[in-house]
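Peer 1: The structure under discussion is supplied below as structure tokens; questions concerning it will follow.
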Amino acid sequence: MKRLVGLLMTVIMVLSLVGCGNMGDIELEPGDNGIYINGDGSVVYGASEKFKEDYYDKDELEKEIDAEVEKFNNSDYASVEDAASVSDVDIDSESAKVVLEFLTTYDFMNYGLHFNNFDRSKFYIGAVEDNDDIVLEGDFIKAGTDKKEKEKAEVVEESDGYLLVVSGPYRVQVDGEVKYYSDNCTMDEDNVITTANKEDELSYIVYTIED
């Protein structure tokens, strides 16, 4: 789940996505993607990649990404015709950066599953109660507790709100309140959560948003 589009191959140097869409306080380290969840339920998703070969043209890359987003918007997987948009494409001799915006978590999930080959068993975003495919396992930390009180998955499954499940390294921030996160994640002073680095290890975040 580390690829934003099939055109971007390997991961780049540190890039800040602040100002591209609304990524809040997220800064991407090598190998990370960024997910910013707005209070209205829209999602900004950013990725940066490093090229092994210097053969990408920015205009060509932008056209192909625009075409992919347009294809998604015209598909049955999009909630409306403008469900996804390209916020930023930046390319130089060494790297490329792409930021996409989605009107809803539903659109972001469908784009990931049907246009970006995300594994359904390793990716979910939506209401906690609607999660039918992924079993929550392990211990969870209750956000905002100095003692990092650990809660079992059953407590999370019974909670209200929304759930994000990813595999691999991500920077995640929510314009709302994080309730719980799996104990393989860390949260900094800006409430940016860094997920587990291993591609085969799931990270879970339970949150509410400000309507």
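Quick note on naming: the chains in the structure tokens go A, B, ... in the order shown, residues restart at 1 in each chain, and ligands are numbered from 1 in order of appearance.
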With only C-alpha atoms as the counted atoms, please give the residues lying no more than 9 Å from Gln173 in chain A, apart from itself and same-chain residues fewer than 4 positions off, as a ChimeraX atom specification.
Peer 2: /A:23-26,34-38,178,190-193
Peer 1: Please produce a file of the residues just selected, as a PDB file, in the first residue's frame, where the atoms kept are N, CA and C atoms.
Peer 2:
```pdb
ATOM      1  N   MET A  23      -2.490  19.413   4.338  1.00  0.00           N
ATOM      2  CA  MET A  23      -1.857  18.278   4.992  1.00  0.00           C
ATOM      3  C   MET A  23      -1.548  18.570   6.449  1.00  0.00           C
ATOM      4  N   GLY A  24      -2.076  19.674   6.981  1.00  0.00           N
ATOM      5  CA  GLY A  24      -1.872  19.964   8.392  1.00  0.00           C
ATOM      6  C   GLY A  24      -0.406  20.064   8.752  1.00  0.00           C
ATOM      7  N   ASP A  25       0.000  19.299   9.763  1.00  0.00           N
ATOM      8  CA  ASP A  25       1.392  19.321  10.233  1.00  0.00           C
ATOM      9  C   ASP A  25       2.206  18.153   9.683  1.00  0.00           C
ATOM     10  N   ILE A  26       1.709  17.481   8.666  1.00  0.00           N
ATOM     11  CA  ILE A  26       2.372  16.277   8.163  1.00  0.00           C
ATOM     12  C   ILE A  26       3.608  16.619   7.345  1.00  0.00           C
ATOM     13  N   GLY A  34       1.209  10.250   3.176  1.00  0.00           N
ATOM     14  CA  GLY A  34       0.510  11.081   4.143  1.00  0.00           C
ATOM     15  C   GLY A  34      -0.985  11.041   3.936  1.00  0.00           C
ATOM     16  N   ILE A  35      -1.737  10.974   5.031  1.00  0.00           N
ATOM     17  CA  ILE A  35      -3.196  11.013   4.988  1.00  0.00           C
ATOM     18  C   ILE A  35      -3.675  12.077   5.973  1.00  0.00           C
ATOM     19  N   TYR A  36      -4.393  13.076   5.457  1.00  0.00           N
ATOM     20  CA  TYR A  36      -4.989  14.097   6.311  1.00  0.00           C
ATOM     21  C   TYR A  36      -6.497  14.010   6.155  1.00  0.00           C
ATOM     22  N   ILE A  37      -7.208  13.788   7.265  1.00  0.00           N
ATOM     23  CA  ILE A  37      -8.660  13.636   7.246  1.00  0.00           C
ATOM     24  C   ILE A  37      -9.283  14.918   7.779  1.00  0.00           C
ATOM     25  N   ASN A  38     -10.012  15.605   6.920  1.00  0.00           N
ATOM     26  CA  ASN A  38     -10.633  16.875   7.287  1.00  0.00           C
ATOM     27  C   ASN A  38     -11.886  16.661   8.122  1.00  0.00           C
ATOM     28  N   VAL A 178      -8.479  11.840  17.805  1.00  0.00           N
ATOM     29  CA  VAL A 178      -8.066  10.442  17.792  1.00  0.00           C
ATOM     30  C   VAL A 178      -8.464   9.824  19.129  1.00  0.00           C
ATOM     31  N   ASP A 190       2.002  17.210  17.857  1.00  0.00           N
ATOM     32  CA  ASP A 190       1.035  17.814  16.937  1.00  0.00           C
ATOM     33  C   ASP A 190      -0.107  16.854  16.609  1.00  0.00           C
ATOM     34  N   ASN A 191      -0.145  15.723  17.309  1.00  0.00           N
ATOM     35  CA  ASN A 191      -1.154  14.686  17.090  1.00  0.00           C
ATOM     36  C   ASN A 191      -1.043  14.039  15.712  1.00  0.00           C
ATOM     37  N   VAL A 192       0.152  14.073  15.143  1.00  0.00           N
ATOM     38  CA  VAL A 192       0.427  13.338  13.909  1.00  0.00           C
ATOM     39  C   VAL A 192       0.846  11.923  14.292  1.00  0.00           C
ATOM     40  N   ILE A 193       0.158  10.950  13.745  1.00  0.00           N
ATOM     41  CA  ILE A 193       0.448   9.551  14.067  1.00  0.00           C
ATOM     42  C   ILE A 193       1.350   8.964  12.992  1.00  0.00           C
TER      43      ILE A 193
END
```
Peer 1: Need to verify the contact set: Ala127 in chain A, 6 Å, only C-alpha atoms, exclusion of same-chain residues closer than 3 positions in sequence. Can you return it as a ChimeraX atom specification?
Peer 2: /A:130,161-163
Peer 1: Any chance you can output those residues with C-alpha atoms as a PDB file, in the first residue's frame?
Peer 2:
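Saved file out-v1.pdb follows:
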```pdb
ATOM      1  CA  ASP A 130     -19.121  -0.972   8.999  1.00  0.00           C
ATOM      2  CA  GLY A 161     -16.549   6.919  15.210  1.00  0.00           C
ATOM      3  CA  TYR A 162     -14.331   5.985  12.322  1.00  0.00           C
ATOM      4  CA  LEU A 163     -11.535   3.524  11.707  1.00  0.00           C
TER       5      LEU A 163
END
```
Peer 1: Calculated over only C-alpha atoms, which of the candidates A:Tyr77, A:Phe115, A:Tyr170, A:Tyr180 has the smallest distance to Glu157 in chain A?
Peer 2: A:Tyr180
Peer 1: Counting only C-alpha atoms, what is within 9 Å of range 69-71 of chain A, bar same-chain residues fewer than 5 positions away, as a list in words?
Peer 2: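 Near neighbours after the sequence-gap exclusion: Glu64, Glu81, Asp82, Ala84, Ser85, Val86, Leu100 and Tyr111 of chain A.
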Peer 1: Please provide the set of residues having any atom within 10 Å of Leu136 in chain A, restricted to only C-alpha atoms, with same-chain residues fewer than 6 positions apart removed, written as number ranges by chain.
Peer 2: A: 152-154, 156-157, 165, 182, 202-204
Peer 1: In Å to one decimal, how far is CA of Asp175 in chain A from CA of Glu49 in chain A?
Peer 2: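 Here the two named atoms are 26.0 Å from each other.
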Peer 1: A:Asp200, A:Gly144, A:Lys97, A:Glu189: which is nearest Glu177 in chain A, counting only C-alpha atoms?
Peer 2: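 Selected residue with least distance to Glu177 in chain A: A:Gly144.
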Peer 1: Please return, as a list in words, all residues of range 45-91 of chain A that DSSP assigns to strand (DSSP E or B) on the basis of the backbone.
Peer 2: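 Result set for range 45-91 of chain A (strand (DSSP E or B)): Tyr45, Gly46, Ala47, Ser48, Glu49, Lys50, Ala84, Ser85, Val86, Ser87, Asp88, Val89, Asp90 and Ile91 of chain A.
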Peer 1: Could you give me, as a PyMOL selection string, each residue of range 32-152 of chain A that DSSP assigns to helix (DSSP H, G or I) when run on this structure's backbone?
Peer 2: chain A and resi 58-73+105-115+128-130
Peer 1: Give me the residues near Phe102 in chain A as a PDB file with N, CA and C atoms, in the first residue's frame, where near means some atom within 7 Å (using only C-alpha atoms) and where sequence neighbours in that chain fewer than 6 positions away do not count.
Peer 2:
```pdb
ATOM      1  N   SER A  42     -13.640  14.820   4.153  1.00  0.00           N
ATOM      2  CA  SER A  42     -12.803  14.725   2.959  1.00  0.00           C
ATOM      3  C   SER A  42     -11.384  14.302   3.350  1.00  0.00           C
ATOM      4  N   VAL A  43     -10.640  13.797   2.379  1.00  0.00           N
ATOM      5  CA  VAL A  43      -9.319  13.239   2.651  1.00  0.00           C
ATOM      6  C   VAL A  43      -8.302  13.805   1.664  1.00  0.00           C
ATOM      7  N   VAL A  44      -7.139  14.191   2.165  1.00  0.00           N
ATOM      8  CA  VAL A  44      -6.010  14.587   1.334  1.00  0.00           C
ATOM      9  C   VAL A  44      -4.952  13.505   1.473  1.00  0.00           C
ATOM     10  N   ALA A  83     -15.444  13.582  -7.423  1.00  0.00           N
ATOM     11  CA  ALA A  83     -15.118  12.992  -6.122  1.00  0.00           C
ATOM     12  C   ALA A  83     -13.633  13.074  -5.798  1.00  0.00           C
ATOM     13  N   ALA A  84     -12.779  13.078  -6.810  1.00  0.00           N
ATOM     14  CA  ALA A  84     -11.328  13.164  -6.604  1.00  0.00           C
ATOM     15  C   ALA A  84     -10.765  14.278  -7.467  1.00  0.00           C
ATOM     16  N   SER A  85      -9.704  14.896  -6.986  1.00  0.00           N
ATOM     17  CA  SER A  85      -9.035  15.943  -7.754  1.00  0.00           C
ATOM     18  C   SER A  85      -7.546  15.909  -7.469  1.00  0.00           C
ATOM     19  N   PHE A 108     -12.058   7.872  -1.144  1.00  0.00           N
ATOM     20  CA  PHE A 108     -10.655   7.515  -0.930  1.00  0.00           C
ATOM     21  C   PHE A 108     -10.482   6.004  -0.859  1.00  0.00           C
TER      22      PHE A 108
END
```
Peer 1: Using only C-alpha atoms, can you tell me which of A:Val155, A:Leu164, A:Leu61, A:Val80 comes closest to Lys122 in chain A?
Peer 2: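 Comparing A:Val155, A:Leu164, A:Leu61, A:Val80 against Lys122 in chain A, the winner is A:Leu164.
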Peer 1: Residues within 9 Å of Asp133 in chain A, please, as number ranges by chain. Count only C-alpha atoms; anything in the same chain fewer than 2 positions from it doesn't count.
Peer 2: A: 120-121, 124, 131, 135
